[in-house]
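*Asks:* Could you have a look at this structure, given as structure tokens, before my questions?
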Number of protein chains: 2
Amino acid sequence: MSGFSFELIHTDRLSGARRGRLTTPHSVIETPVFMPVGTAATVKAVPQDYLADLDPRIILANTYHLYLRPGHELIRRLGGLHRFMAWPQSLLTDSGGFQVFSQRELRRISEEGVHFRSHLDGSAHFLSPETSIRIQQDLGADIIMAFDECTPYPATWQECRDSMELTLRWAERCRAAFDRNNGRQWLFGIVQGGVYPDLRRECVERLLAMDFPGYAIGGLSVGESRRDMYGICELTAAVLPADRPRYLMGVGTPEDLFRAVERGVDMFDCVMPTRNARNGCLFTRHGKLIIKNARYAEDESPLDAECGCRVCRTYSRAYLRHLYQSSEMLAATLNTYHNLYFYLDIMCKIRQSIALDRFCEFRDSFLSSYLASA
Amino acid sequence: MSGFSFELIHTDRLSGARRGRLTTPHSVIETPVFMPVGTAATVKAVPQDYLADLDPRIILANTYHLYLRPGHELIRRLGGLHRFMAWPQSLLTDSGGFQVFSQRELRRISEEGVHFRSHLDGSAHFLSPETSIRIQQDLGADIIMAFDECTPYPATWQECRDSMELTLRWAERCRAAFDRNNGRQWLFGIVQGGVYPDLRRECVERLLAMDFPGYAIGGLSVGESRRDMYGICELTAAVLPADRPRYLMGVGTPEDLFRAVERGVDMFDCVMPTRNARNGCLFTRHGKLIIKNARYAEDESPLDAECGCRVCRTYSRAYLRHLYQSSEMLAATLNTYHNLYFYLDIMCKIRQSIALDRFCEFRDSFLSSYLASA
């Protein structure tokens with residue numbers, strides 16, 4: 001009835017890497033997938049036709065930002081986020097919780113929800129499981145997220161347990177507030193539990209009882225070690241059902257993508273390719289390149305000789321450096337386009353490698369080149 | 001030998017409007033033409049393929065800015081400006097004089113040239129007819145401009161005469177410094193003389209003796225009345241040779257384009273469409289539109305219902321307002337694209353109307369709609 005489905009196509013023979021296909025009413029998303037972040041209904045500095053050319057199939061927008069400006073009701077009246085931002089493919093919105101919790105001095109948490117102040121004008125607002133779902137329904141993304149508490153790091157076992165219990169009570173309230181029969185959206189649950197394996201496993205078990213169509217692994221990449229992150233990712237994925245998509249929120253570096261894919265993660269989002277681009281940090285097959293470095297001043301070669309993107313086909317490092325040094329807006333557009341192409345191209349090759357049962361081979365080959373000069 | 005030519009195709013029966021064709025080694029430019037301004041080797045916020053899609057045939061870059069950053073010698077070593085900025089069509093550079101003279105507190109004029117300080121770091125520099133030509137030869141634009149003194153406004157007749165004499169002496173020096181046999185560039189002379197008809201006529205006469213392949217009308221749109229501007233434009237054009245292109249520098253509004261075309265001007269440049277775009281001032285058939293106005297917050301219509309550009313085909317006023325209000329970089333890209341489309345579309349229709357001897361009809365029809373709501 002709904003136009004939504006997730007199909008597990010193949011699991012790599014030598015790792016946990018999965019090839020899947022997530023279908024929404026707006027696009028067919030081959031997984032594993034990296035979702036570019038379009039915070040305020042725009043992937044910063046990238047026109048929608050450039051974005052379409054990158055073919056991400058799904059992008060993310062931030063509920064917190066859109067709630068504050070231009071407002072979810074305005075977007076609803078204008079036909080929803082797809083139409084508002086002229087983006088015909090799939091969209092995912094987060095719950096707004098992460099942004100609210102990140103501003104520690106501006107918010108106060110209660111059982112009911114979170115009182116907070118706008119970073120724009122200091123005005124007072126309240127976000128709860130019910131209001132987050134309502135806002136996300138007004139925005140109308142294909143996939144929306146439960147409102148959870150982002151457990152701070154570091155936190156004791158007891159703090160994590162209390163936080164997880166709150167997240168679980170809020171998950172129930174989200175599920176109740178979400179009209180699953182509207183058929184226009186999928187609501188994903190979010191696993192919390194810090195770096196404590198027993199809490200993560202319990203959280204999964206209790207979320208499964210609520211029967212979400214997909215599950216996110218939240219609260220990682222918040223300061224814990226890579227070892228903890230990969231460990232929690234692995235044990236959480238291991239207890240999530242094979243037939244539901246798994247989304248590792250806010251992660252990560254190119255290496256992180258490989259490490260999480262091999263542990264069975266299907267979906268990713270991260271500001272790294274876009275934010276780094278705006279700061280002049282560019283991804284190449286041979287590691288990161290800081291474009292402002294004087295060594296590129298007269299470098300006629302493309303950013304990445306092995307990249308086929310329109311930026312690498314058209315412009316030299318010397319020109320990109322000039323744009324960046326001159327604070328020209330075009331620098332952000334070109335750099336972001338390239339970095340997104342790089343991330344999406346990695347994911348495309350990961351998908352191909354899984355289909356051929358050669359994921360580990362591709363991972364090792366990529367990382368040996370990428371990390372050698374990083 | 002040179003790949004350069006100017007052909008006068010048709011003159012409107014009822015006005016001085018001219019249809020011409022300017023050919024350079026990089027493109028065939030149908031005139032009258034509006035040249036977008038790409039100050040620092042980029043039309044701010046517009047990727048080159050978007051620009052190519054607008055098909056301007058020729059764009060302008062600023063010698064002053066490129067001399068300071070990244071430096072003309074660097075650009076020469078990298079194969080010249082076309083290659084550096086990946087722009088395959090024609091380029092025109094100004095002499096750098098205008099920017100230097102605009103910073104009154106930072107420069108000192110002598111017979112030899114102008115000592116000035118960089119607006120970037122305060123470093124000391126010297127620009128003269130010879131250095132300007134040398135820099136412009138290194139940049140390698142198709143059309144380069146003589147180094148003239150931009151006469152301040154207001155100025156007495158005697159001040160204008162002295163300034164014009166200096167400009168004429170400098171024009172001779174430019175001509176001597178310019179290697180006209182390299183065949184890669186055309187050097188245009190610039191008519192000065194303030195708002196004094198006799199000076200303008202004398203300046204033309206003495207420049208003609210130097211036999212430039214094209215002539216610019218400089219020193220207008222600097223504070224004088226519209227009546228003076230159009231008057232000087234008219235009398236200057238009247239004494240310029242019919243078989244050479246005429247370029248009115250730094251002008252202007254949509255109305256100015258019509259007023260100058262009917263007086264026989266062939267070429268224009270102005271920051272108005274690009275700078276206004278970045279400030280949220282957008283051009284439509286019905287006058288200017290200030291996108292930040294609250295009335296557009298929920299306006300689903302395109303910027304200009306009569307415009308066929310990709311921005312008007314894709315995005316609503318509500319979305320463009322949101323981008324502008326949120327200081328999103330995409331606002332500058334989309335707004336600039338639209339404004340340039342608007343300017344180039346006007347010029348395209350002006351050319352068609354001249355070919356049909358219906359320029360005045362088109363001018364009146366356009367301005368009655370455009371000025372009614374302006």
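Every chain in the structure tokens takes a letter, A first, then B, and so on in the order presented; its residues are numbered from 1, and the ligands are numbered from 1 following the presented order.
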I need the chain B residues near chain A as number ranges by chain; criterion: at most 10 Å, counting only C-alpha atoms.

*Replies:* B: 40-49, 65-66, 69-70, 74-75, 77-79, 83-87, 120, 297-300, 310-311, 314-323, 325-326, 328-334

*Asks:* Please identify which residues in segment 27-226 of chain B DSSP calls strand (DSSP E or B) from the backbone, and express them as a VMD selection string.

*Replies:* chain B and resid 28 to 31 33 to 35 37 58 to 61 90 to 93 107 to 109 114 to 117 124 to 127 143 to 145 186 to 191 215 to 217

*Asks:* What does the file look like for those residues with C-alpha atoms, as a tab-separated table (two decimals), in the first residue's frame?

*Replies:*
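And here is the file that came out, again.tsv:
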chain	number	residue	atom	x	y	z
B	28	VAL	CA	31.61	35.11	-32.31
B	29	ILE	CA	29.87	37.84	-30.35
B	30	GLU	CA	26.57	39.14	-31.65
B	31	THR	CA	26.17	42.81	-30.74
B	33	VAL	CA	26.20	42.56	-26.19
B	34	PHE	CA	26.12	42.66	-22.40
B	35	MET	CA	29.29	41.31	-20.81
B	37	VAL	CA	31.58	40.81	-14.88
B	58	ILE	CA	32.26	37.28	-23.76
B	59	ILE	CA	32.80	38.12	-20.12
B	60	LEU	CA	34.92	40.71	-18.36
B	61	ALA	CA	37.64	40.24	-15.76
B	90	SER	CA	36.01	35.54	-25.24
B	91	LEU	CA	37.36	37.67	-22.41
B	92	LEU	CA	37.85	41.38	-21.97
B	93	THR	CA	40.01	42.93	-19.27
B	107	ARG	CA	46.71	56.28	-4.69
B	108	ARG	CA	48.94	59.05	-6.07
B	109	ILE	CA	48.85	60.03	-9.73
B	114	VAL	CA	49.72	55.67	-10.44
B	115	HIS	CA	51.28	54.63	-7.19
B	116	PHE	CA	48.74	52.81	-5.05
B	117	ARG	CA	48.34	50.47	-2.15
B	124	ALA	CA	52.75	49.37	-2.52
B	125	HIS	CA	52.28	49.02	-6.28
B	126	PHE	CA	52.66	51.05	-9.44
B	127	LEU	CA	50.44	50.97	-12.49
B	143	ILE	CA	40.13	42.52	-25.83
B	144	ILE	CA	42.20	44.72	-23.56
B	145	MET	CA	41.73	48.35	-22.61
B	186	TRP	CA	42.71	43.83	-29.63
B	187	LEU	CA	43.46	47.05	-27.71
B	188	PHE	CA	40.58	49.50	-27.38
B	189	GLY	CA	40.98	53.24	-26.80
B	190	ILE	CA	38.86	55.06	-24.22
B	191	VAL	CA	37.12	58.37	-24.75
B	215	TYR	CA	36.52	52.56	-28.74
B	216	ALA	CA	35.08	52.73	-25.28
B	217	ILE	CA	33.12	55.60	-23.80

*Asks:* Measuring atom to atom with only C-alpha atoms, identify which of A:Ser15, A:Asn276, A:Ser110, A:Thr39 is nearest to Glu361 of chain A.

*Replies:* A:Ser15

*Asks:* Would you pick out the contacts of segment 167-180 of chain B at 8 Å or less, using only C-alpha atoms, so that residues sharing its chain but fewer than 5 positions from it are not included, and give the list as an MDAnalysis selection string?

*Replies:* chainID B and resid 129:130 133:134 146:149 185:187 189:190 192 203 206:207 210

*Asks:* Which polymer residues have any atom within 8 Å of an atom of Phe283 of chain B, counting only C-alpha atoms, with same-chain residues fewer than 4 positions away left out, as a list in words?

*Replies:*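 Surrounding residues, per the criterion: Pro273, Gly287, Lys288, Leu289, His338, Asn339 and Phe342 of chain B.
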
*Asks:* For the selection you just gave me, I'd like the residues written to a file as a PDB file, in the first residue's frame, keeping N, CA and C atoms.

*Replies:*
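Final output, part.pdb:
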ATOM      1  N   PRO B 273      23.651  43.425 -12.484  1.00  0.00           N
ATOM      2  CA  PRO B 273      22.895  42.168 -12.357  1.00  0.00           C
ATOM      3  C   PRO B 273      23.517  41.216 -11.340  1.00  0.00           C
ATOM      4  N   GLY B 287       9.767  44.953 -13.301  1.00  0.00           N
ATOM      5  CA  GLY B 287      10.571  45.761 -12.400  1.00  0.00           C
ATOM      6  C   GLY B 287      11.357  44.916 -11.411  1.00  0.00           C
ATOM      7  N   LYS B 288      12.006  45.594 -10.468  1.00  0.00           N
ATOM      8  CA  LYS B 288      12.851  44.907  -9.502  1.00  0.00           C
ATOM      9  C   LYS B 288      12.030  44.274  -8.394  1.00  0.00           C
ATOM     10  N   LEU B 289      12.524  43.182  -7.898  1.00  0.00           N
ATOM     11  CA  LEU B 289      11.841  42.444  -6.844  1.00  0.00           C
ATOM     12  C   LEU B 289      12.848  42.225  -5.706  1.00  0.00           C
ATOM     13  N   HIS B 338      19.743  34.036 -12.502  1.00  0.00           N
ATOM     14  CA  HIS B 338      18.513  34.659 -13.029  1.00  0.00           C
ATOM     15  C   HIS B 338      18.774  36.068 -13.558  1.00  0.00           C
ATOM     16  N   ASN B 339      19.459  36.886 -12.783  1.00  0.00           N
ATOM     17  CA  ASN B 339      19.686  38.272 -13.228  1.00  0.00           C
ATOM     18  C   ASN B 339      20.509  38.334 -14.512  1.00  0.00           C
ATOM     19  N   PHE B 342      18.320  37.422 -17.321  1.00  0.00           N
ATOM     20  CA  PHE B 342      17.444  38.558 -17.630  1.00  0.00           C
ATOM     21  C   PHE B 342      18.168  39.568 -18.523  1.00  0.00           C
TER      22      PHE B 342
END

*Asks:* Per DSSP on the backbone, filter segment 31-228 of chain A down to the residues in helix (DSSP H, G or I) and report them as a ChimeraX atom specification.

*Replies:* /A:48-54,63-68,72-77,81-85,97-102,104-106,129-139,157-177,180-182,197-208,226-228
